[in-house]
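Chemist: Pasting query33.tsv here (TSV, C-alpha atoms):
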chain	number	residue	atom	x	y	z
A	1	MET	CA	23.89	19.39	10.64
A	2	THR	CA	22.92	19.52	6.97
A	3	LEU	CA	19.23	19.30	6.14
A	4	PRO	CA	19.40	15.64	4.99
A	5	GLU	CA	21.20	14.85	8.27
A	6	GLN	CA	18.52	16.64	10.27
A	7	ILE	CA	15.82	14.70	8.40
A	8	SER	CA	17.60	11.41	8.99
A	9	ASN	CA	18.05	12.26	12.65
A	10	TYR	CA	14.38	13.16	13.01
A	11	LEU	CA	13.22	9.97	11.25
A	12	LYS	CA	15.10	7.75	13.76
A	13	GLN	CA	12.15	7.93	16.17
A	14	PHE	CA	9.73	6.24	13.73
A	15	THR	CA	8.79	2.66	12.92
A	16	VAL	CA	7.33	1.66	9.56
A	17	GLY	CA	5.73	-1.72	8.89
A	18	ILE	CA	6.15	-3.25	5.44
A	19	ALA	CA	3.84	-6.14	4.57
A	20	GLY	CA	5.44	-8.10	1.75
A	21	CYS	CA	9.01	-7.96	0.42
A	22	GLY	CA	8.53	-8.31	-3.35
A	23	GLY	CA	8.74	-5.55	-5.94
A	24	LEU	CA	6.90	-2.99	-3.83
A	25	GLY	CA	8.20	-3.95	-0.38
A	26	SER	CA	11.88	-4.40	-1.18
A	27	ASN	CA	12.15	-1.13	-3.12
A	28	CYS	CA	10.06	0.85	-0.61
A	29	ALA	CA	12.11	-0.51	2.32
A	30	VAL	CA	15.36	0.53	0.67
A	31	ALA	CA	14.09	4.09	0.05
A	32	LEU	CA	12.96	4.40	3.67
A	33	ALA	CA	16.27	3.00	4.94
A	34	ARG	CA	18.22	5.50	2.83
A	35	VAL	CA	16.39	8.49	4.29
A	36	GLY	CA	16.92	7.13	7.80
A	37	VAL	CA	13.63	5.72	9.16
A	38	GLY	CA	14.61	4.28	12.55
A	39	LYS	CA	12.98	0.88	12.45
A	40	LEU	CA	11.46	-1.26	9.71
A	41	ILE	CA	9.27	-4.29	10.40
A	42	ILE	CA	9.31	-6.49	7.31
A	43	ALA	CA	7.40	-9.71	6.64
A	44	ASP	CA	7.31	-12.21	3.78
A	45	TYR	CA	7.34	-16.02	3.48
A	46	ASP	CA	8.97	-16.33	0.08
A	47	ILE	CA	12.50	-16.95	-1.15
A	48	VAL	CA	14.46	-14.99	-3.75
A	49	THR	CA	14.28	-16.49	-7.26
A	50	GLU	CA	16.06	-15.57	-10.47
A	51	GLN	CA	12.72	-14.29	-11.89
A	52	ASN	CA	12.45	-11.77	-9.04
A	53	LEU	CA	15.64	-9.96	-10.04
A	54	ASN	CA	13.98	-8.00	-12.88
A	55	ARG	CA	12.27	-5.78	-10.32
A	56	GLN	CA	13.01	-6.66	-6.70
A	57	TYR	CA	15.87	-5.29	-4.61
A	58	TYR	CA	17.90	-8.49	-4.39
A	59	PHE	CA	21.14	-9.73	-5.90
A	60	HIS	CA	22.04	-12.78	-7.93
A	61	ASP	CA	24.03	-14.32	-5.08
A	62	GLN	CA	20.92	-14.13	-2.85
A	63	ILE	CA	18.84	-16.56	-4.96
A	64	GLY	CA	17.37	-19.27	-2.72
A	65	ARG	CA	17.52	-17.20	0.45
A	66	LEU	CA	14.52	-15.98	2.40
A	67	LYS	CA	13.52	-12.55	1.16
A	68	VAL	CA	13.28	-11.14	4.67
A	69	HIS	CA	16.85	-12.21	5.45
A	70	ALA	CA	18.25	-10.99	2.13
A	71	LEU	CA	16.41	-7.65	2.40
A	72	SER	CA	17.52	-7.16	5.98
A	73	GLU	CA	21.10	-7.66	4.86
A	74	ASN	CA	20.73	-5.24	1.92
A	75	ILE	CA	19.22	-2.58	4.17
A	76	LYS	CA	22.10	-2.96	6.65
A	77	ARG	CA	24.61	-2.53	3.83
A	78	ILE	CA	22.94	0.75	2.87
A	79	ASN	CA	22.31	2.14	6.34
A	80	SER	CA	23.58	0.14	9.29
A	81	SER	CA	21.76	2.30	11.83
A	82	VAL	CA	18.30	1.11	10.70
A	83	ILE	CA	16.84	-1.52	13.02
A	84	VAL	CA	15.18	-4.26	10.95
A	85	LYS	CA	12.77	-6.75	12.48
A	86	SER	CA	12.08	-9.50	9.99
A	87	PHE	CA	9.31	-12.07	10.07
A	88	ASP	CA	9.37	-15.14	7.85
A	89	MET	CA	5.62	-15.74	7.64
A	90	LYS	CA	2.48	-15.43	5.56
A	91	LEU	CA	0.54	-12.69	7.31
A	92	CYS	CA	-3.04	-13.17	8.47
A	93	VAL	CA	-5.39	-10.69	10.16
A	94	SER	CA	-4.13	-11.36	13.70
A	95	ASP	CA	-0.45	-11.20	12.61
A	96	ILE	CA	-1.00	-7.80	11.03
A	97	ILE	CA	-2.51	-6.44	14.23
A	98	GLU	CA	0.24	-7.99	16.37
A	99	LEU	CA	3.24	-7.06	14.22
A	100	TYR	CA	2.18	-3.62	13.04
A	101	SER	CA	0.15	-2.04	15.85
A	102	GLY	CA	3.28	-0.27	17.12
A	103	CYS	CA	4.13	1.21	13.71
A	104	ASN	CA	3.63	4.86	12.81
A	105	VAL	CA	2.65	3.91	9.25
A	106	ILE	CA	2.03	0.60	7.45
A	107	VAL	CA	2.99	-0.06	3.83
A	108	GLU	CA	0.95	-2.66	1.95
A	109	ALA	CA	3.32	-4.42	-0.42
A	110	PHE	CA	1.54	-7.67	-1.23
A	111	ASP	CA	1.22	-9.23	-4.65
A	112	LYS	CA	-2.27	-10.76	-4.54
A	113	ALA	CA	-5.45	-8.67	-4.70
A	114	GLU	CA	-7.11	-10.70	-1.91
A	115	MET	CA	-4.19	-10.02	0.44
A	116	LYS	CA	-4.41	-6.31	-0.38
A	117	GLN	CA	-8.11	-6.39	0.45
A	118	MET	CA	-7.44	-8.29	3.69
A	119	ILE	CA	-4.89	-5.79	5.03
A	120	ILE	CA	-7.00	-2.78	4.05
A	121	GLU	CA	-10.07	-4.20	5.82
A	122	THR	CA	-7.97	-5.13	8.86
A	123	VAL	CA	-6.34	-1.74	9.24
A	124	LEU	CA	-9.56	0.21	8.56
A	125	THR	CA	-11.70	-1.78	10.97
A	126	LYS	CA	-9.32	-3.01	13.67
A	127	MET	CA	-6.42	-0.58	13.89
A	128	ASN	CA	-8.15	2.66	14.72
A	129	GLY	CA	-7.02	5.35	12.31
A	130	LYS	CA	-3.55	4.02	11.54
A	131	SER	CA	-2.20	5.21	8.19
A	132	LEU	CA	-1.93	2.57	5.48
A	133	VAL	CA	-0.19	3.21	2.15
A	134	VAL	CA	-1.19	0.71	-0.55
A	135	GLY	CA	0.14	0.01	-4.05
A	136	VAL	CA	-2.51	-0.85	-6.65
A	137	GLY	CA	-1.85	-1.18	-10.39
A	138	MET	CA	1.68	-1.04	-11.78
A	139	ALA	CA	2.07	-3.87	-14.32
A	140	GLY	CA	3.51	-3.23	-17.77
A	141	TRP	CA	5.65	-0.36	-19.02
A	142	GLY	CA	5.29	3.20	-20.31
A	143	ASN	CA	2.38	5.52	-19.51
A	144	SER	CA	4.16	7.01	-16.50
A	145	ILE	CA	1.58	9.74	-16.12
A	146	SER	CA	-1.19	7.23	-15.28
A	147	ILE	CA	0.50	6.48	-11.95
A	148	SER	CA	-0.76	8.74	-9.22
A	149	THR	CA	-1.77	8.89	-5.58
A	150	ARG	CA	-5.05	9.59	-3.84
A	151	ARG	CA	-6.11	9.69	-0.24
A	152	SER	CA	-9.24	8.59	1.61
A	153	GLU	CA	-8.71	9.57	5.25
A	154	ASN	CA	-5.96	7.28	6.60
A	155	LEU	CA	-5.85	5.14	3.43
A	156	ILE	CA	-3.40	6.33	0.78
A	157	ILE	CA	-3.54	4.66	-2.63
A	158	CYS	CA	-0.57	4.70	-5.02
A	159	GLY	CA	-0.60	3.27	-8.55
A	160	ASP	CA	-2.67	3.45	-11.72
A	161	GLU	CA	-5.48	1.30	-10.21
A	162	VAL	CA	-6.02	-0.54	-13.52
A	163	SER	CA	-2.90	-2.41	-14.71
A	164	GLU	CA	-3.19	-5.97	-13.44
A	165	VAL	CA	-0.34	-8.43	-13.85
A	166	SER	CA	-1.02	-11.12	-16.50
A	167	GLU	CA	0.68	-13.37	-19.03
A	168	THR	CA	0.97	-10.44	-21.43
A	169	LEU	CA	1.54	-7.71	-18.83
A	170	PRO	CA	4.40	-8.49	-16.44
A	171	VAL	CA	5.47	-6.39	-13.49
A	172	LEU	CA	8.82	-4.76	-14.33
A	173	ALA	CA	11.34	-2.71	-12.38
A	174	PRO	CA	10.52	0.81	-13.62
A	175	ARG	CA	6.80	0.98	-12.88
A	176	VAL	CA	6.89	-1.11	-9.69
A	177	GLY	CA	9.83	1.03	-8.56
A	178	MET	CA	7.80	4.17	-9.26
A	179	VAL	CA	4.90	2.94	-7.13
A	180	ALA	CA	7.20	1.62	-4.35
A	181	ASN	CA	9.01	4.95	-4.17
A	182	MET	CA	5.71	6.81	-4.31
A	183	GLN	CA	4.61	4.77	-1.29
A	184	ALA	CA	7.86	5.67	0.50
A	185	ASN	CA	7.25	9.31	-0.42
A	186	GLU	CA	3.75	9.21	1.11
A	187	VAL	CA	5.21	7.61	4.26
A	188	LEU	CA	7.74	10.44	4.49
A	189	ASP	CA	5.01	13.02	4.05
A	190	ILE	CA	3.21	11.55	7.07
A	191	LEU	CA	6.34	11.19	9.22
A	192	LEU	CA	7.71	14.65	8.44
A	193	LYS	CA	4.40	16.42	9.14
A	194	ASP	CA	5.77	18.18	12.24
A	195	PHE	CA	9.42	18.34	11.20
A	196	LYS	CA	10.98	21.80	11.60
A	197	PRO	CA	14.43	22.33	10.11
A	198	GLU	CA	17.00	24.11	12.29
A	199	ASN	CA	19.01	26.99	10.89
B	1	MET	CA	-28.56	12.95	-6.22
B	2	THR	CA	-25.02	14.27	-6.32
B	3	ILE	CA	-22.26	12.46	-4.45
B	4	ILE	CA	-18.49	12.50	-4.23
B	5	LEU	CA	-17.26	9.30	-5.89
B	6	ASN	CA	-13.51	8.72	-5.68
B	7	ASN	CA	-12.88	12.42	-5.02
B	8	ARG	CA	-15.00	13.53	-7.99
B	9	THR	CA	-18.51	14.95	-8.04
B	10	GLU	CA	-20.97	12.62	-9.76
B	11	SER	CA	-24.70	12.92	-10.33
B	12	PHE	CA	-27.19	10.07	-10.52
B	13	ASP	CA	-30.85	10.15	-11.60
B	14	ALA	CA	-32.03	8.25	-8.52
B	15	ASN	CA	-32.51	9.95	-5.14
B	16	GLN	CA	-30.69	7.12	-3.39
B	17	LEU	CA	-28.88	3.96	-4.38
B	18	THR	CA	-27.41	0.92	-2.66
B	19	ILE	CA	-23.71	0.13	-3.15
B	20	ASN	CA	-24.62	-2.71	-5.51
B	21	GLN	CA	-26.81	-0.37	-7.57
B	22	ILE	CA	-23.96	2.15	-7.86
B	23	LEU	CA	-21.58	-0.63	-8.96
B	24	LYS	CA	-24.13	-1.64	-11.61
B	25	VAL	CA	-24.81	1.89	-12.88
B	26	LYS	CA	-21.07	2.60	-13.06
B	27	ASN	CA	-20.46	-0.79	-14.68
B	28	PHE	CA	-17.87	-1.69	-12.02
B	29	THR	CA	-17.59	-5.45	-12.36
B	30	PHE	CA	-14.50	-5.96	-10.22
B	31	LYS	CA	-14.25	-8.94	-7.89
B	32	MET	CA	-11.96	-7.50	-5.24
B	33	LEU	CA	-13.24	-4.22	-3.87
B	34	VAL	CA	-12.87	-1.96	-0.90
B	35	VAL	CA	-15.79	0.43	-0.44
B	36	LYS	CA	-16.03	3.29	2.03
B	37	VAL	CA	-19.02	5.56	2.58
B	38	ASN	CA	-18.36	8.75	4.54
B	39	GLY	CA	-15.14	7.25	5.87
B	40	GLU	CA	-16.70	3.97	7.04
B	41	LEU	CA	-15.74	0.65	5.46
B	42	VAL	CA	-18.71	-1.21	3.95
B	43	ARG	CA	-18.43	-5.01	3.87
B	44	ARG	CA	-19.51	-6.89	0.77
B	45	ARG	CA	-22.39	-8.53	2.69
B	46	ASP	CA	-23.82	-5.03	3.22
B	47	PHE	CA	-23.62	-3.90	-0.41
B	48	ASP	CA	-27.41	-4.37	-0.78
B	49	ASN	CA	-28.28	-2.71	2.54
B	50	VAL	CA	-26.13	0.41	2.71
B	51	ILE	CA	-27.91	3.35	1.09
B	52	VAL	CA	-25.97	6.17	-0.54
B	53	LYS	CA	-27.72	9.54	-0.41
B	54	ASP	CA	-27.18	13.03	-1.78
B	55	GLY	CA	-23.96	14.56	-0.49
B	56	ASP	CA	-22.33	11.28	0.56
B	57	ASP	CA	-18.62	10.68	0.04
B	58	VAL	CA	-18.02	7.29	-1.56
B	59	MET	CA	-14.69	5.60	-2.25
B	60	ILE	CA	-14.57	2.50	-4.41
B	61	LEU	CA	-11.15	0.92	-4.78
B	62	HIS	CA	-10.63	-1.93	-7.22
B	63	LEU	CA	-7.90	-4.24	-5.97
B	64	ILE	CA	-5.76	-5.87	-8.57
B	65	THR	CA	-2.91	-8.34	-8.37
B	66	GLY	CA	0.67	-7.18	-8.83
B	67	GLY	CA	3.38	-5.97	-6.55
Show me this structure written as structure tokens.
Modeler:
Amino acid sequence: MTLPEQISNYLKQFTVGIAGCGGLGSNCAVALARVGVGKLIIADYDIVTEQNLNRQYYFHDQIGRLKVHALSENIKRINSSVIVKSFDMKLCVSDIIELYSGCNVIVEAFDKAEMKQMIIETVLTKMNGKSLVVGVGMAGWGNSISISTRRSENLIICGDEVSEVSETLPVLAPRVGMVANMQANEVLDILLKDFKPEN
Amino acid sequence: MTIILNNRTESFDANQLTINQILKVKNFTFKMLVVKVNGELVRRRDFDNVIVKDGDDVMILHLITGG
């Protein structure tokens, strides 16, 4: 087996939870599906709109469909061996515990600051050391170097931590894609901790 | 006192400070925050009670909308 095949084979055993399927969640899920993570648990309550297409991993002919269904389909088209469990719902504290307690890592991919706070508090206080990778600060364009990652025990923070979305600062594909892929990269780093390539 | 604040060493004149006092000194006026002291999450209701001392490891994360 080639090294990418070995990695893909190794990643089959893992489950990653993705909370939210917007700019962060859809792009992160696709990256994880491409490398071969075995199972993805995705959740979102929203539908695909035309305005989403400037940054989210959906297609024009998917407008009006539930994001979880459209994303599940897109993942399958990329890598049919990935198992996708999709949940059409707005997540609350008890849902997060129920849906994601069996995951090896959880990716926070919400839009709203209060939802980000809710999942961080839930995972830190009720999910006993589970790794959570969050995306904070990616609106606007340019200034690539301001995007970075830092770790505080099992909480991994990706983003510039300052650029909030506003009327004058939209979220656009390049920077949200950078943070989403950075989150996927941190997930891989955790999952491949004990991976040993064969000769 | 000298503490680790967001992975950086920072010194304060006071010997100890509450979370709210640190937020004030640092001029952190954010609404949505996650604060950890020595790995433990501190709830907002405890921001006036939890005391940060010399050598403590403090993480303050400002949550902002976008994703």
Chemist: Output as CSV one row per residue of chain B within 6 Å of chain A: the closest atom pair and its distance in Å to one decimal place, counting all atoms listed in the file, sorted by chain and residue number ascending.
Modeler:
residue,atom,partner,partner_atom,distance
B:Leu63,CA,A:Ala113,CA,5.2
B:Ile64,CA,A:Ala113,CA,4.8
B:Thr65,CA,A:Ala113,CA,4.5
B:Gly66,CA,A:Asp111,CA,4.7
B:Gly67,CA,A:Asp111,CA,4.3
Chemist: What would the file look like if the residues just selected were written as a short mmCIF file (atom, residue, chain, number, x, y, z; two decimals), in the frame of the given file with C-alpha atoms?
Modeler:
data_model
loop_
_atom_site.label_atom_id
_atom_site.label_comp_id
_atom_site.auth_asym_id
_atom_site.auth_seq_id
_atom_site.Cartn_x
_atom_site.Cartn_y
_atom_site.Cartn_z
CA LEU B 63 -7.90 -4.24 -5.97
CA ILE B 64 -5.76 -5.87 -8.57
CA THR B 65 -2.91 -8.34 -8.37
CA GLY B 66 0.67 -7.18 -8.83
CA GLY B 67 3.38 -5.97 -6.55
#
Chemist: Report, in Å with one decimal, the straight-line distance from atom CA of A:Ile190 to atom CA of A:Gln13.
Modeler: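 The value is 13.3 Å.
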Chemist: I need every residue sitting at most 10 Å from the point (-28.4, 1.3, -0.4) (coordinates as in the file, all atoms listed in the file considered), written as a compact mmCIF listing (two decimals) with C-alpha atoms, in the frame of the given file.
Modeler:
# COMPACT_ATOMS: atom_id res chain seq x y z
CA GLN B 16 -30.69 7.12 -3.39
CA LEU B 17 -28.88 3.96 -4.38
CA THR B 18 -27.41 0.92 -2.66
CA ILE B 19 -23.71 0.13 -3.15
CA ASN B 20 -24.62 -2.71 -5.51
CA GLN B 21 -26.81 -0.37 -7.57
CA ILE B 22 -23.96 2.15 -7.86
CA ASP B 46 -23.82 -5.03 3.22
CA PHE B 47 -23.62 -3.90 -0.41
CA ASP B 48 -27.41 -4.37 -0.78
CA ASN B 49 -28.28 -2.71 2.54
CA VAL B 50 -26.13 0.41 2.71
CA ILE B 51 -27.91 3.35 1.09
CA VAL B 52 -25.97 6.17 -0.54
CA LYS B 53 -27.72 9.54 -0.41
Chemist: With all atoms of stretch 44-60 of chain B from the file as input, state the centre and edge lengths in Å to one decimal of the axis-aligned box that has 3 Å extra on each side, as lines of an AutoDock Vina configuration file.
Modeler:
center_x = -21.4
center_y = 3.0
center_z = -0.6
size_x = 19.7
size_y = 29.1
size_z = 13.6
Chemist: Between atom CA of B:Arg43 and atom CA of A:Lys126, what distance in Å does the model show, to one decimal?
Modeler: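 Computing the Euclidean distance for atom CA of B:Arg43 and atom CA of A:Lys126 yields 13.5 Å.
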Chemist: Which residue is closest to B:Met59? Choose from B:Ala14, B:Met32, B:Val25, B:Ile3 and count only C-alpha atoms.
Modeler: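 Smallest distance to B:Met59 is found for B:Ile3.
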Chemist: Which value, in Å to one decimal, gives the distance between atom CA of A:Gln183 and atom CA of A:Asn199?
Modeler: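 So the two atoms, atom CA of A:Gln183 and atom CA of A:Asn199, lie 29.1 Å apart.
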Chemist: Can you find the residues with an atom no farther than 12 Å from (-19.5, 8.3, 9.1), counting all atoms listed in the file, and report them as a list of chain:residue names?
Modeler: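 Protein and nucleic acid residues near the point are A:Glu153, B:Lys36, B:Val37, B:Asn38, B:Gly39, B:Glu40, B:Leu41, B:Val42, B:Val52, B:Asp56, B:Asp57, B:Val58.
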Chemist: Considering all atoms listed in the file, state which residue in the set B:Asp54, B:Met1, B:Arg8, B:Val35 is at the smallest distance from B:Leu23.
Modeler: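 Under the stated criterion, the closest residue is B:Val35.
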Chemist: From the list A:Val105, A:Met178, A:Ala29, A:Leu192, which residue is nearest A:Ile145 when using all atoms listed in the file?
Modeler: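 When distances to A:Ile145 are compared using all atoms listed in the file, the smallest one comes from A:Met178.
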Chemist: So that I can check the surroundings of A:Thr49, please list as number ranges by chain every protein, DNA and RNA residue that reaches within 10 Å of it, counting all atoms listed in the file and ignoring chain neighbours fewer than 6 positions away.
Modeler: A: 56, 58-60, 62-67
Chemist: Can you work out which one of B:Arg45, B:Val34, B:Thr9, B:Asn27 has the shortest atom-to-atom distance to B:Leu61, counting all atoms listed in the file?
Modeler: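 Among the listed residues, B:Val34 lies closest to B:Leu61.
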